[in-house]
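Peer 1: Below: one structure in structure tokens.
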Amino acid sequence: NSSQSGPLRVAVIGASEVGKSALTVRYLTKRFIGEYRSDTDMLYKCVLQVDGAPQSVEIMDTWASCDQSSDAHLQWAEAFVVVYAITDKQSYTWAANTVQELSERRSSASVLMLGNKSDLGHLREVEEVEARTLALTHAARFSEVSTAESCTTVSQVLDNFLKEVKSQRNG
Ligand code: GDP
Ligand code: MG
């Protein structure tokens, strides 16, 4: 099976302004860059250390004009990072619906749900326990992160996720 030996394909999806681009760049460069001109998908092709060995990875930082994940994205990836902002209830609703959709349409895919902007606790609109429970219901991983403030957490959470995706593939 050729897809088994090809690059790991990960799509970063979510409503706009939740921090998908910031998260992707933070993970790949360790830097936080505050503003992005984003009006297109960005595909990053790289070789990362996954579980102690080099692994080709393709990460798609998606962009959608109408806040809908496209079928093309859903078909392309074998793993999904579904991002919302803890300060934005609508973005959580989007993420929750999408995690549910993925569990129905792409049941073999690995899913990580991320509540971003955890540094903005005073503006919180989404309770962590609610999101965690939802993720658990759909066998998705879950974490809250602050892309702005913690490089370490972002790295650890995504490193672990890629490790899981890889081991699932080698299954
Ligand atoms: P995208 O539309 O989902 O790609 O979102 P962006 O990556 O462009 O980020 C949207 C806005 O949220 C930008 O102004 C970022 O600087 C900001 N942002 C991203 N992550 C964080 C975070 O963890 N904390 C805070 N406070 N702001 C963030
Ligand atoms: Mg973006």
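In the structure tokens, chains take the letters A, B, ... in the order shown, each chain's residues start at 1, and ligands count up from 1 in the order shown.
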Report the residues of chain A whose backbone DSSP state falls under helix (DSSP H, G or I), written as a VMD selection string.
Peer 2: chain A and resid 2 to 5 20 to 29 71 to 76 89 to 105 118 to 123 128 to 137 151 to 170
Peer 1: Using only C-alpha atoms, which residues sit within 8 Å of region 76-89 of chain A once same-chain residues fewer than 3 positions away are excluded, as a ChimeraX atom specification?
Peer 2: /A:8-15,18-20,72-73,92-95,98-99,109-118,120-121,123-127,165
Peer 1: May I have the residues within 7 Å of ligand 2, computed using only C-alpha atoms and all ligand atoms, as a ChimeraX atom specification?
Peer 2: /A:16-17,19-21,36,38,61-63
Peer 1: Fewer than 4 positions away in the same chain doesn't count, so skip those; otherwise give me all residues within 7 Å of Tyr27 (chain A), counting only C-alpha atoms, as a list in words.
Peer 2: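 So, after excluding close chain neighbours, the residues are Leu23, Val154 and Ser155 of chain A.
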Peer 1: Dump N, CA and C atoms for the selected residues as an mmCIF file, in the first residue's frame?
Peer 2:
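Output (again-v3.cif):
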data_model
loop_
_atom_site.group_PDB
_atom_site.id
_atom_site.type_symbol
_atom_site.label_atom_id
_atom_site.label_comp_id
_atom_site.auth_asym_id
_atom_site.auth_seq_id
_atom_site.Cartn_x
_atom_site.Cartn_y
_atom_site.Cartn_z
ATOM 1 N N LEU A 23 -0.398 28.404 14.800
ATOM 2 C CA LEU A 23 -0.052 27.104 15.372
ATOM 3 C C LEU A 23 0.890 26.330 14.453
ATOM 4 N N VAL A 154 2.802 23.221 22.567
ATOM 5 C CA VAL A 154 2.436 22.983 21.166
ATOM 6 C C VAL A 154 3.313 21.873 20.584
ATOM 7 N N SER A 155 4.617 21.953 20.831
ATOM 8 C CA SER A 155 5.527 20.932 20.303
ATOM 9 C C SER A 155 5.202 19.556 20.859
#
Peer 1: Which of region 13-50 of chain A end up as strand (DSSP E) when DSSP is run on this backbone - answer as a PDB file with C-alpha atoms, in the first residue's frame?
Peer 2:
ATOM      1  CA  ILE A  13      -8.775  22.807  10.047  1.00  0.00           C
ATOM      2  CA  GLY A  14     -11.092  25.107  11.974  1.00  0.00           C
ATOM      3  CA  MET A  42      -0.494  26.600   2.723  1.00  0.00           C
ATOM      4  CA  LEU A  43       1.139  23.211   2.276  1.00  0.00           C
ATOM      5  CA  TYR A  44       4.302  22.573   4.289  1.00  0.00           C
ATOM      6  CA  LYS A  45       6.399  19.587   3.254  1.00  0.00           C
ATOM      7  CA  CYS A  46       9.027  18.613   5.750  1.00  0.00           C
ATOM      8  CA  VAL A  47      10.927  15.786   7.359  1.00  0.00           C
ATOM      9  CA  LEU A  48      10.369  15.600  11.107  1.00  0.00           C
ATOM     10  CA  GLN A  49      11.687  13.336  13.811  1.00  0.00           C
ATOM     11  CA  VAL A  50       8.696  11.189  14.660  1.00  0.00           C
TER      12      VAL A  50
END
Peer 1: Report, in Å to a single decimal, how far apart CA of Ser91 (chain A) and atom 23 (O, counted along the ligand's line) of ligand 1 are.
Peer 2: 14.2 Å
Peer 1: One number please: atom 11 (C, counted along the ligand's line) of ligand 1 to CA of Arg37 (chain A), in Å, one decimal.
Peer 2: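 If I compute the distance from atom 11 (C, counted along the ligand's line) of ligand 1 to CA of Arg37 (chain A), I get 10.6 Å.
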Peer 1: Just the number, please: distance in Å from CA of Asp159 (chain A) to CA of Ala53 (chain A), one decimal.
Peer 2: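 Separating CA of Asp159 (chain A) from CA of Ala53 (chain A) is a distance of 12.0 Å.
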Peer 1: Restricting the calculation to only C-alpha atoms and all ligand atoms: of A:Glu104, A:Asp119, A:Asp71, A:Glu130, which residue gets closest to ligand 1?
Peer 2: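 Looking only at the distances to ligand 1, the closest residue turns out to be A:Asp119.
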Peer 1: With distances taken over only C-alpha atoms, which residue among A:Ala139, A:Leu134, A:Cys151, A:Leu162 lies nearest Val25 (chain A)?
Peer 2: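 Checking each of A:Ala139, A:Leu134, A:Cys151, A:Leu162 against Val25 (chain A), counting only C-alpha atoms, the winner is A:Cys151.
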Peer 1: Could you check which of A:Leu74, A:Ala22, A:Ala131, A:Leu102 is closest to Thr147 (chain A), using only C-alpha atoms?
Peer 2: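 The shortest atom-to-atom distance to Thr147 (chain A) comes from A:Ala22.
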